[in-house]
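Coordinates as given in protein_23.cif (mmCIF, C-alpha atoms):
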data_start
#
loop_
_atom_site.label_atom_id
_atom_site.label_comp_id
_atom_site.auth_asym_id
_atom_site.auth_seq_id
_atom_site.Cartn_x
_atom_site.Cartn_y
_atom_site.Cartn_z
CA MET K 234 84.43 109.77 124.10
CA ASP K 235 85.27 108.69 120.54
CA LYS K 236 88.66 107.11 119.94
CA LYS K 237 91.27 108.99 117.98
CA ASN K 238 92.66 107.43 114.81
CA ILE K 239 96.25 106.45 114.02
CA LEU K 240 97.68 105.32 110.67
CA TRP K 241 101.11 103.61 110.58
CA LEU K 242 103.23 102.90 107.48
CA SER K 243 105.90 100.19 107.64
CA ASP K 244 106.83 96.65 106.63
CA GLY K 245 103.77 94.45 107.00
CA PRO K 246 103.23 92.52 110.26
CA LYS K 247 103.25 89.19 108.44
CA LEU K 248 107.00 89.47 107.85
CA ALA K 249 109.92 88.84 110.23
CA THR K 250 111.90 92.02 109.58
CA GLY K 251 112.88 94.31 112.43
CA PHE K 252 110.55 97.03 111.19
CA SER K 253 107.73 94.49 110.91
CA THR K 254 108.03 93.05 114.41
CA GLN K 255 108.46 96.47 116.04
CA SER K 256 105.46 97.85 114.15
CA LEU K 257 103.30 94.86 115.07
CA HIS K 258 103.88 95.42 118.78
CA ILE K 259 103.56 99.20 118.56
CA MET K 260 100.27 99.02 116.68
CA ASN K 261 98.79 96.34 118.94
CA HIS K 262 99.61 98.69 121.81
CA ALA K 263 98.10 101.65 119.95
CA ALA K 264 94.89 99.67 119.39
CA LYS K 265 94.19 99.81 123.13
CA THR K 266 93.39 103.53 122.89
CA PHE K 267 93.15 104.31 119.14
CA ASN K 268 91.33 103.09 116.11
CA ALA K 269 94.57 101.66 114.75
CA HIS K 270 95.27 101.29 111.03
CA PHE K 271 98.40 99.62 109.65
CA LEU K 272 99.34 100.63 106.09
CA ALA K 273 101.66 97.78 105.06
CA HIS K 274 103.64 98.42 101.88
CA THR K 275 104.35 94.67 101.67
CA HIS K 276 100.70 93.54 101.97
CA HIS K 277 98.80 93.16 98.72
CA GLY K 278 95.09 92.55 98.94
CA LEU K 279 91.96 93.52 100.78
CA THR K 280 91.88 95.20 104.17
CA LEU K 281 91.79 92.83 107.13
CA GLN K 282 89.73 93.68 110.20
CA PRO K 283 91.14 93.50 113.74
CA GLY K 284 91.32 89.94 115.03
CA ALA K 285 93.29 88.31 112.22
CA LYS K 286 95.80 85.78 113.56
CA LEU K 287 99.05 84.12 112.63
CA LEU K 288 99.48 80.39 113.17
CA ASP K 289 101.47 80.99 116.36
CA GLY K 290 98.46 82.80 117.83
CA THR K 291 99.72 86.36 117.31
CA THR K 292 96.71 88.60 116.85
CA PHE K 293 96.46 91.77 114.76
CA ASP K 294 94.39 94.16 116.87
CA PHE K 295 94.37 96.74 114.07
CA TYR K 296 93.05 97.19 110.55
CA LEU K 297 95.62 95.93 108.02
CA HIS K 298 95.52 97.88 104.76
CA GLY K 299 97.08 96.73 101.51
CA ALA K 300 99.64 98.59 99.42
CA GLY K 301 99.05 100.71 96.35
CA ARG K 302 100.66 100.50 92.92
CA ASN K 303 103.74 102.59 93.75
CA PRO K 304 106.55 101.59 96.13
CA TYR K 305 106.02 102.35 99.82
CA CYS K 306 102.37 103.31 99.21
CA GLN K 307 103.37 106.61 97.61
CA ASP K 308 100.11 106.83 95.65
CA ILE K 309 97.75 106.06 98.54
CA ILE K 310 99.24 107.68 101.65
CA THR K 311 97.16 110.85 101.45
CA PRO K 312 93.95 108.99 100.44
CA LYS K 313 94.42 106.58 103.37
CA ILE K 314 94.95 109.45 105.79
CA ALA K 315 91.65 110.86 104.56
CA GLU K 316 89.86 107.49 104.59
CA THR K 317 90.91 106.61 108.14
CA LYS K 318 90.47 110.19 109.40
CA ALA K 319 93.93 109.83 110.93
CA ASP K 320 94.77 112.15 113.80
CA ILE K 321 98.32 110.73 113.82
CA PHE K 322 100.29 109.45 110.85
CA GLY K 323 103.48 107.53 111.69
CA VAL K 324 106.21 105.93 109.58
CA LEU K 325 108.82 103.31 110.47
CA LEU K 326 111.09 102.83 107.46
CA ASP K 327 114.54 103.83 106.28
CA THR K 328 114.48 107.48 105.27
CA PHE K 329 116.09 106.77 101.89
CA MET K 330 113.16 104.50 101.01
CA LEU K 331 110.86 107.53 100.98
CA HIS K 332 113.39 109.85 99.40
CA GLY K 333 113.76 107.88 96.21
CA GLY K 334 116.14 110.42 94.75
CA ASN K 335 113.33 112.91 94.10
CA ASN K 336 112.16 113.47 97.68
CA TRP K 337 108.56 112.59 96.81
CA PHE K 338 107.62 112.13 100.46
CA ASN K 339 108.06 115.84 101.12
CA ASP K 340 105.42 116.69 98.54
CA LEU K 341 102.70 114.69 100.31
CA ASP K 342 99.73 116.27 102.07
CA PHE K 343 99.14 114.85 105.54
CA LEU K 344 95.86 116.79 105.82
CA THR K 345 95.09 117.43 109.50
CA ALA K 346 97.14 114.48 110.82
CA LYS K 347 100.10 115.13 113.08
CA SER K 348 103.07 113.22 111.68
CA LEU K 349 106.05 111.30 113.04
CA PHE K 350 108.95 109.45 111.44
CA TYR K 351 110.57 106.72 113.56
CA PHE K 352 113.98 106.68 111.93
CA PRO K 353 117.30 104.82 112.06
CA SER K 354 120.78 105.99 111.21
CA ASP K 355 123.21 103.15 110.58
CA GLY K 356 126.33 105.03 109.51
CA GLY K 357 128.58 108.01 110.03
CA ALA K 358 128.94 111.44 108.39
CA GLY K 359 125.26 112.21 108.73
CA MET K 360 122.06 110.79 107.31
CA PRO K 361 121.84 109.29 103.82
CA LYS K 362 122.38 112.19 101.41
CA GLY K 363 119.38 114.53 101.42
CA CYS K 364 117.32 112.40 103.80
CA GLU K 365 117.49 114.90 106.64
CA ASN K 366 114.75 116.73 104.71
CA ILE K 367 112.43 113.79 105.40
CA LEU K 368 112.79 114.57 109.11
CA ARG K 369 112.07 118.24 108.51
CA LYS K 370 108.83 117.31 106.77
CA VAL K 371 107.24 115.63 109.79
CA ASN K 372 106.09 117.21 113.05
CA TYR K 373 107.96 114.73 115.27
CA PRO K 374 111.20 113.03 114.20
CA VAL K 375 111.73 110.07 116.56
CA ALA K 376 115.16 108.43 116.72
CA MET K 377 115.37 104.75 117.62
CA SER K 378 118.86 105.28 119.03
CA ARG K 379 120.68 107.91 121.04
CA PHE K 380 123.31 107.84 118.31
CA ALA K 381 120.79 108.94 115.68
CA ARG K 382 119.31 111.60 117.94
CA LYS K 383 122.75 113.11 118.54
CA GLN K 384 123.72 112.82 114.89
CA VAL K 385 120.77 114.78 113.49
CA LYS K 386 121.18 117.43 116.20
CA ASP K 387 124.91 117.88 115.54
CA TYR K 388 124.73 117.79 111.75
CA TYR K 389 121.42 119.47 110.97
CA GLY K 390 120.19 121.13 114.14
CA ILE K 391 117.16 118.83 114.13
CA LYS K 392 115.73 118.10 117.57
CA ALA K 393 114.39 114.55 117.70
CA ASP K 394 112.63 112.47 120.32
CA TYR K 395 114.18 109.13 121.28
CA ILE K 396 112.36 105.84 121.79
CA PRO K 397 114.43 102.64 121.59
CA HIS K 398 113.41 99.43 119.91
CA ALA K 399 112.27 96.73 122.30
CA CYS K 400 112.02 92.97 122.67
CA ASP K 401 109.74 90.65 124.60
CA VAL K 402 111.82 89.67 127.64
CA LYS K 403 109.22 87.05 128.55
CA LYS K 404 109.87 85.21 125.28
CA PHE K 405 113.61 85.88 125.14
CA TYR K 406 115.17 84.64 128.38
CA PRO K 407 118.17 82.62 129.62
CA MET K 408 117.46 78.94 130.02
CA ASN K 409 118.70 77.26 133.17
CA GLU K 410 122.07 75.57 132.85
CA GLY K 411 120.64 72.06 132.65
CA ASP K 412 118.21 72.88 129.84
CA LYS K 413 120.91 74.79 127.98
CA LEU K 414 123.27 71.80 128.13
CA LYS K 415 120.51 69.51 126.84
CA LEU K 416 119.77 71.96 124.03
CA LYS K 417 123.43 72.06 123.02
CA ALA K 418 123.66 68.27 123.10
CA SER K 419 120.61 67.98 120.84
CA ARG K 420 122.48 70.02 118.22
CA GLY K 421 125.73 68.12 118.61
CA LEU K 422 127.28 71.07 120.44
CA ALA K 423 127.99 69.52 123.81
CA ASP K 424 131.32 70.81 125.17
CA LYS K 425 131.58 73.31 122.30
CA PHE K 426 132.28 77.02 122.56
CA VAL K 427 129.60 78.47 120.30
CA VAL K 428 130.15 81.78 118.56
CA GLY K 429 126.70 82.81 117.33
CA VAL K 430 125.48 85.18 114.63
CA VAL K 431 121.97 86.42 113.85
CA ALA K 432 122.15 88.51 110.70
CA ARG K 433 121.24 88.58 107.04
CA ASN K 434 124.14 88.14 104.61
CA GLN K 435 123.82 91.61 103.14
CA GLY K 436 126.68 93.96 102.38
CA ARG K 437 126.10 96.23 105.38
CA LYS K 438 126.64 93.37 107.83
CA PHE K 439 130.19 92.64 106.56
CA LEU K 440 129.85 88.95 107.42
CA ASP K 441 133.12 88.28 105.61
CA ARG K 442 134.73 89.79 108.72
CA THR K 443 132.91 87.19 110.80
CA PHE K 444 134.41 84.29 108.86
CA LYS K 445 137.88 85.83 108.88
CA THR K 446 137.72 86.47 112.62
CA PHE K 447 136.42 83.02 113.43
CA SER K 448 138.92 81.25 111.17
CA LEU K 449 141.83 82.82 113.08
CA PHE K 450 140.23 82.17 116.46
CA ALA K 451 139.39 78.56 115.57
CA GLN K 452 143.00 77.66 114.78
CA ASP K 453 143.91 77.62 118.49
CA HIS K 454 140.47 76.74 119.86
CA LYS K 455 139.50 73.32 118.59
CA ASP K 456 136.22 73.30 120.54
CA ALA K 457 134.96 76.48 118.84
CA VAL K 458 131.97 76.34 116.47
CA LEU K 459 130.45 79.15 114.40
CA PHE K 460 126.63 78.99 114.56
CA LEU K 461 124.82 81.08 111.95
CA HIS K 462 121.15 82.01 112.01
CA THR K 463 120.96 83.21 108.42
CA ASP K 464 119.77 81.96 105.05
CA PRO K 465 122.90 80.81 103.16
CA TRP K 466 120.86 80.74 99.92
CA ASP K 467 119.55 84.29 100.30
CA ALA K 468 119.07 85.70 96.80
CA ALA K 469 120.43 89.04 98.03
CA ALA K 470 123.53 87.52 99.68
CA SER K 471 126.71 89.52 99.24
CA PHE K 472 128.85 86.38 98.85
CA ASP K 473 128.64 82.56 98.75
CA MET K 474 129.03 81.40 102.36
CA PHE K 475 129.82 77.81 101.40
CA ASN K 476 132.66 78.95 99.15
CA ILE K 477 134.10 81.05 102.00
CA ILE K 478 133.77 78.12 104.42
CA ASN K 479 135.83 76.01 102.01
CA ARG K 480 138.32 78.83 101.46
CA TYR K 481 139.09 79.12 105.18
CA GLN K 482 138.90 75.34 105.73
CA LEU K 483 136.06 75.68 108.22
CA ASN K 484 134.24 72.54 107.14
CA ASN K 485 132.66 70.86 110.19
CA ARG K 486 133.27 74.04 112.20
CA VAL K 487 130.24 75.98 110.90
CA LEU K 488 126.61 75.16 111.66
CA PHE K 489 123.49 76.79 110.20
CA SER K 490 120.22 77.02 112.12
CA GLY K 491 118.16 75.92 109.11
CA MET K 492 116.15 79.10 108.69
CA ARG K 493 115.06 80.32 105.25
CA TYR K 494 113.98 83.87 104.50
CA PHE K 495 110.49 82.67 103.53
CA ASN K 496 110.11 80.51 106.67
CA PRO K 497 111.04 82.58 109.74
CA PHE K 498 111.49 81.04 113.18
CA SER K 499 108.99 81.41 116.00
CA TYR K 500 109.89 83.27 119.20
CA ALA K 501 110.37 79.93 120.97
CA GLN K 502 112.76 78.76 118.26
CA MET K 503 114.65 82.06 118.34
CA ASN K 504 115.04 81.81 122.11
CA GLU K 505 116.69 78.42 121.56
CA VAL K 506 118.94 79.89 118.86
CA TYR K 507 120.35 82.44 121.31
CA ASN K 508 120.61 79.97 124.18
CA LEU K 509 122.88 77.79 122.05
CA MET K 510 125.45 80.61 122.00
CA ASP K 511 128.30 81.34 124.37
CA VAL K 512 128.95 84.70 122.70
CA PHE K 513 127.13 86.73 120.07
CA LEU K 514 129.33 88.19 117.31
CA LEU K 515 128.24 90.90 114.86
CA SER K 516 130.79 92.31 112.41
CA THR K 517 128.35 94.92 111.15
CA SER K 518 129.40 98.16 109.47
CA GLY K 519 126.74 99.98 111.51
CA GLU K 520 123.28 99.39 112.98
CA GLY K 521 120.25 101.65 113.02
CA PHE K 522 119.48 100.01 116.35
CA GLY K 523 120.45 96.34 116.62
CA ILE K 524 117.49 94.20 117.69
CA PRO K 525 119.49 90.91 117.71
CA ILE K 526 121.96 92.59 120.07
CA VAL K 527 119.19 93.29 122.57
CA GLU K 528 117.66 89.84 122.07
CA ALA K 529 121.08 88.38 122.89
CA GLN K 530 121.14 90.53 126.04
CA ALA K 531 117.69 89.30 127.05
CA THR K 532 118.84 85.69 126.72
CA GLY K 533 122.00 86.37 128.71
CA VAL K 534 124.47 86.08 125.82
CA PRO K 535 127.46 88.49 125.91
CA GLN K 536 127.97 90.45 122.71
CA LEU K 537 130.95 91.35 120.52
CA VAL K 538 129.99 94.06 118.04
CA THR K 539 131.81 96.47 115.74
CA ASP K 540 132.43 99.70 117.66
CA TYR K 541 130.34 102.00 115.48
CA THR K 542 126.96 103.76 115.53
CA THR K 543 124.76 102.24 118.28
CA THR K 544 127.26 99.79 119.79
CA HIS K 545 128.36 102.07 122.62
CA GLU K 546 124.86 102.71 123.93
CA LEU K 547 123.83 99.06 123.74
CA LEU K 548 127.01 97.40 125.05
CA VAL K 549 128.62 100.00 127.31
CA GLU K 550 126.13 102.56 128.61
CA ASP K 551 123.98 101.62 131.63
CA GLY K 552 126.28 98.67 132.38
CA LYS K 553 128.83 96.90 130.19
CA CYS K 554 127.56 93.59 128.83
CA GLY K 555 129.97 92.91 125.99
CA GLU K 556 133.06 94.04 124.11
CA PRO K 557 133.04 96.65 121.33
CA ILE K 558 135.44 95.59 118.56
CA LYS K 559 137.65 98.39 117.26
CA LEU K 560 137.57 99.69 113.73
CA ALA K 561 140.52 98.79 111.53
CA ALA K 562 143.45 101.26 111.53
CA VAL K 563 141.89 103.48 114.18
CA LYS K 564 143.76 104.31 117.37
CA ASP K 565 141.11 106.45 119.06
CA ASP K 566 138.62 104.54 121.18
CA PHE K 567 135.17 105.19 119.75
CA SER K 568 133.48 104.02 122.95
CA GLU K 569 135.34 106.59 125.04
CA MET K 570 134.51 109.36 122.56
CA MET K 571 130.81 108.47 122.51
CA GLY K 572 130.77 108.62 126.28
CA LYS K 573 131.76 112.28 126.17
CA ASP K 574 129.99 115.36 124.86
CA VAL K 575 131.88 115.33 121.56
CA HIS K 576 130.38 116.75 118.37
CA MET K 577 129.43 113.99 115.92
CA LYS K 578 131.49 115.57 113.14
CA GLU K 579 134.61 115.29 115.29
CA ILE K 580 133.86 111.64 115.94
CA ASP K 581 133.44 110.96 112.22
CA TYR K 582 136.68 112.77 111.44
CA LYS K 583 138.57 110.71 114.00
CA MET K 584 137.03 107.51 112.67
CA ASN K 585 137.48 108.06 108.94
CA ALA K 586 140.59 105.85 108.68
CA GLY K 587 138.46 102.87 109.72
CA THR K 588 135.41 103.48 107.53
CA LEU K 589 134.34 102.98 103.94
CA THR K 590 132.05 105.35 102.05
CA GLY K 591 128.96 103.44 101.01
CA SER K 592 125.70 104.12 99.23
CA TRP K 593 123.97 107.45 99.88
CA ASP K 594 127.44 108.76 100.92
CA VAL K 595 127.14 107.14 104.36
CA GLU K 596 130.31 106.04 106.19
CA ARG K 597 130.46 102.35 107.13
CA GLY K 598 132.61 101.03 109.97
CA PHE K 599 135.27 98.46 109.02
CA MET K 600 135.80 96.01 111.88
CA ASP K 601 139.35 95.06 112.89
CA VAL K 602 139.55 91.27 112.51
CA TYR K 603 142.54 90.96 114.85
CA ASP K 604 140.84 92.91 117.62
CA GLY K 605 137.82 90.66 117.11
CA VAL K 606 140.04 87.61 117.66
CA ASP K 607 141.56 89.16 120.78
CA LYS K 608 138.10 89.91 122.21
CA LEU K 609 136.93 86.35 121.48
CA LYS K 610 140.02 84.99 123.24
CA ARG K 611 139.39 87.24 126.23
CA LEU K 612 135.88 85.92 126.74
CA TYR K 613 136.92 82.32 126.05
CA ASP K 614 139.64 82.54 128.69
CA ASN K 615 137.56 84.41 131.26
CA ARG K 616 134.33 82.52 131.93
CA SER K 617 133.59 84.60 135.02
CA LEU K 618 133.54 87.70 132.80
CA LEU K 619 131.16 85.88 130.46
CA LYS K 620 128.84 85.25 133.41
CA THR K 621 129.07 88.89 134.54
CA TYR K 622 128.24 90.19 131.07
CA SER K 623 125.38 87.70 130.87
CA GLN K 624 123.78 88.95 134.09
CA ILE K 625 124.25 92.64 133.23
CA GLY K 626 122.86 92.13 129.73
CA ARG K 627 119.69 90.51 131.03
CA LYS K 628 119.12 93.36 133.48
CA LYS K 629 119.67 95.95 130.75
CA ALA K 630 117.15 94.27 128.49
CA GLU K 631 114.60 94.25 131.30
CA ASN K 632 115.27 97.81 132.46
CA PHE K 633 115.65 99.65 129.14
CA TYR K 634 114.54 97.55 126.16
CA SER K 635 111.50 95.59 127.29
CA TRP K 636 108.05 96.41 125.94
CA ASP K 637 106.83 97.17 129.47
CA VAL K 638 109.35 100.02 129.52
CA VAL K 639 108.98 101.19 125.92
CA PHE K 640 105.18 101.14 125.50
CA PRO K 641 104.63 104.03 127.96
CA GLN K 642 107.12 106.10 125.96
CA TRP K 643 104.93 105.70 122.87
CA THR K 644 101.80 106.54 124.82
CA ASN K 645 103.46 109.69 126.14
CA LEU K 646 104.55 110.76 122.64
CA TRP K 647 101.11 110.22 121.11
CA ASN K 648 99.48 112.21 123.92
CA ARG K 649 101.92 115.08 123.34
CA MET K 650 101.19 114.97 119.61
CA LEU K 651 97.45 115.19 120.17
CA GLU K 652 97.95 118.06 122.63
CA GLY K 653 100.33 119.86 120.24
CA LYS K 654 103.23 119.81 122.70
#
Reformat the file's structure so that it appears as structure tokens.
Amino acid sequence: MDKKNILWLSDGPKLATGFSTQSLHIMNHAAKTFNAHFLAHTHHGLTLQPGAKLLDGTTFDFYLHGAGRNPYCQDIITPKIAETKADIFGVLLDTFMLHGGNNWFNDLDFLTAKSLFYFPSDGGAGMPKGCENILRKVNYPVAMSRFARKQVKDYYGIKADYIPHACDVKKFYPMNEGDKLKLKASRGLADKFVVGVVARNQGRKFLDRTFKTFSLFAQDHKDAVLFLHTDPWDAAASFDMFNIINRYQLNNRVLFSGMRYFNPFSYAQMNEVYNLMDVFLLSTSGEGFGIPIVEAQATGVPQLVTDYTTTHELLVEDGKCGEPIKLAAVKDDFSEMMGKDVHMKEIDYKMNAGTLTGSWDVERGFMDVYDGVDKLKRLYDNRSLLKTYSQIGRKKAENFYSWDVVFPQWTNLWNRMLEGK
């Protein structure tokens, strides 16, 4: 029996973005049963055949196609569907990328291919303005979070499938205590309480809240160190980190991992990055999913994350493994509301005192610095709670967010698509 054909559009697999790494694993899995074709809008050049490898040994088991002249392969999507005889056409990108203000994606012809859009939603008050129409264009909208699935149902009446992002729990794991102590000592962090961050310094991450929170916490905790896995010279940075370090007098209290955006870390290096941490802190304004949160879980690191969008499902549901940090000037507990059958519009209305309206008219959560300090103090003072969160987080990563669990969900979806169910 001839294999069916699948074409997937996303960030290219040679990058280290979340979309890139998820797509790489998904397409390598697809290649077991499909003729798999990866249309990478970031890859410029000739098509690579299956078998190409990265230096770390990662193999591309799919055909890697280069981009066209227009952003996000706008000019070659339909021709590539025809060329590859795609039975399934899938996309993993932000919806606003394919909206472009003129909704060009909705004018495309997918020929006979069944289509899916694997979409995030990283804010409140609905999808980016007008982008719900992207989901109406495809046959199968697929949310990467329960938050997004509920949001599009409540706001637009769109029924979406749900498949979470995943991480490799064999490559992200807790080191034994002895190895972890040696690792810390090698970085000059012996006997330090390490508050860790894995995030790009872009506006949506609100990393200014991280520095403000840590500066207050550090005043009474002389053994605390802020460890940042980010590129401080990122051309797209929202502020100068070194200037902020000087402003809050955090010299010798902040350590960078040494990563640069053009030189990403290997999985082995990233596992060490997480194992250096005692807690993981993310002052984000909202996550479409939150891959570093799950990677922290897999390595047994408790998480402190702004209580907005996906935080409740990752930190609280199926076992609590961290502390959601409240939004500023909000009395209602977002975690409790998300745990009930409350309409998303009501949640957004309750939360609006603690959000800012950002681009595409999306609401962004504004983390309460003082609650962040209180949560840090709680975990610093209660090491048994740290250990409990560590154990629960690892189990959650294994049970819900490992590739062994997520791959069958993709197989099931593709089978339903081919059967028209």
Fill in: CA of Phe267 (chain K) to CA of Ile239 (chain K), distance in Å rounded to a single decimal
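Interatomic distance here is 6.4 Å.
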Item to complete: Please write the residues picked by the PyMOL selection byres ((chain K and resi 256) around 9) on this file as a PyMOL selection string.
Response: chain K and resi 241-246+251-255+257-261+271+325
Worksheet entry | Result set of the PyMOL selection byres ((chain K and resi 604) around 12) on the coordinates above, as a count of residues only | 33
Item to complete: Using the chain letters and numbering of this document, enumerate as a count of residues only the residues selected by the PyMOL selection byres ((chain K and resi 461) around 7).
Response: 10
Fill in: Given all atoms listed in the file as the counted atoms, nearest of K:Val385, K:Ile321, K:Leu509, K:Ile314 to Leu414 (chain K)
K:Leu509
Discussion item. Ranking K:Leu651, K:Leu515, K:Met503, K:Met408 by minimum distance to Arg627 (chain K) and counting all atoms listed in the file, which one comes first?
Written reply: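 For Arg627 (chain K), the nearest of the candidates is K:Met408.
With all atoms listed in the file as the basis for measurement, K:Leu240 is the residue among K:Leu248, K:Leu240, K:Ala630, K:Ala376 that approaches Pro312 (chain K) most closely.
Compared by their closest atoms to Asp412 (chain K), and using only C-alpha atoms, the residues K:Asn508, K:Gly363, K:Leu589, K:Arg369 rank with K:Asn508 nearest.
Distances here use all atoms listed in the file; by that measure, the residue among K:Gln307, K:Asn335, K:Ser635, K:Thr291 closest to Ala273 (chain K) is K:Gln307.
With all atoms listed in the file as the atoms that count, the residue of K:Gly626, K:Pro497, K:Gly552, K:Pro465 with the shortest distance to Val527 (chain K) is K:Gly626.
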Worksheet item: Which residues, written as a PyMOL selection string, have at least one atom at most 8 Å from Gln435 (chain K), with only C-alpha atoms counted and residues fewer than 2 positions away on the same chain left out?
Response: chain K and resi 433+437-440+469-471
Discussion item. Please list as a list in words every residue within 6 Å of Asp355 (chain K), counting all atoms listed in the file and excluding residues in the same chain fewer than 2 positions away.
Written reply: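 Counting only the stated atoms, we get Gly519, Glu520 and Gly521 of chain K.
For Val639 (chain K), the set of protein, DNA and RNA residues having any atom at most 8 Å away, when counting only C-alpha atoms and skipping those fewer than 3 positions along the same chain, is Ile396, Pro397, His398, Ala399, Phe633, Tyr634, Ser635, Trp636, Gln642 and Trp643 of chain K.
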Worksheet item: In Å, with one decimal, what is the gap from CA of Gly421 (chain K) to CA of Ile524 (chain K)?
Response: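 If I compute the distance from CA of Gly421 (chain K) to CA of Ile524 (chain K), I get 27.4 Å.
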Item to complete: Name the residues in contact with Arg597 (chain K) at a cut-off of 6 Å, using only C-alpha atoms, excluding same-chain residues fewer than 5 positions from it; report them as a list of chain:residue names.
Response: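 The residues satisfying every condition are K:Gly356, K:Ser518, K:Thr588, K:Leu589.
Here CA of Val428 (chain K) stands at a distance of 10.9 Å from CA of Phe444 (chain K).
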Worksheet entry | Shell of 7 Å around Gly284 (chain K), all atoms listed in the file, local chain residues under 2 positions omitted, as a ChimeraX atom specification | /K:282,286,292-294
Padding 8 Å on each side, edges along x, y and z: where is the centre of the box around the listed atoms of region 421-432 of chain K, and how long are its edges in Å to one decimal? Output it as JSON.
{"center_x": 127.1, "center_y": 78.3, "center_z": 117.9, "size_x": 26.3, "size_y": 36.4, "size_z": 30.5}
As an mmCIF file, in the coordinates of the input, please: region 409-420 of chain K completed to N, CA and C atoms.
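Listing of result-v4.cif after writing:
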data_model
loop_
_atom_site.group_PDB
_atom_site.id
_atom_site.type_symbol
_atom_site.label_atom_id
_atom_site.label_comp_id
_atom_site.auth_asym_id
_atom_site.auth_seq_id
_atom_site.Cartn_x
_atom_site.Cartn_y
_atom_site.Cartn_z
ATOM 1 N N ASN K 409 117.843 77.708 132.077
ATOM 2 C CA ASN K 409 118.700 77.260 133.170
ATOM 3 C C ASN K 409 119.821 76.388 132.599
ATOM 4 N N GLU K 410 120.861 76.217 133.366
ATOM 5 C CA GLU K 410 122.070 75.570 132.850
ATOM 6 C C GLU K 410 121.796 74.159 132.353
ATOM 7 N N GLY K 411 120.945 73.422 133.061
ATOM 8 C CA GLY K 411 120.640 72.060 132.650
ATOM 9 C C GLY K 411 119.957 72.004 131.298
ATOM 10 N N ASP K 412 118.938 72.863 131.114
ATOM 11 C CA ASP K 412 118.210 72.880 129.840
ATOM 12 C C ASP K 412 119.107 73.357 128.700
ATOM 13 N N LYS K 413 120.006 74.285 129.011
ATOM 14 C CA LYS K 413 120.910 74.790 127.980
ATOM 15 C C LYS K 413 121.878 73.690 127.535
ATOM 16 N N LEU K 414 122.373 72.897 128.473
ATOM 17 C CA LEU K 414 123.270 71.800 128.130
ATOM 18 C C LEU K 414 122.552 70.742 127.286
ATOM 19 N N LYS K 415 121.296 70.465 127.623
ATOM 20 C CA LYS K 415 120.510 69.510 126.840
ATOM 21 C C LYS K 415 120.277 70.036 125.428
ATOM 22 N N LEU K 416 120.000 71.335 125.336
ATOM 23 C CA LEU K 416 119.770 71.960 124.030
ATOM 24 C C LEU K 416 121.029 71.851 123.169
ATOM 25 N N LYS K 417 122.172 72.163 123.762
ATOM 26 C CA LYS K 417 123.430 72.060 123.020
ATOM 27 C C LYS K 417 123.672 70.630 122.560
ATOM 28 N N ALA K 418 123.437 69.675 123.442
ATOM 29 C CA ALA K 418 123.660 68.270 123.100
ATOM 30 C C ALA K 418 122.768 67.838 121.939
ATOM 31 N N SER K 419 121.542 68.344 121.903
ATOM 32 C CA SER K 419 120.610 67.980 120.840
ATOM 33 C C SER K 419 121.066 68.470 119.475
ATOM 34 N N ARG K 420 121.925 69.468 119.468
ATOM 35 C CA ARG K 420 122.480 70.020 118.220
ATOM 36 C C ARG K 420 123.900 69.520 117.960
#
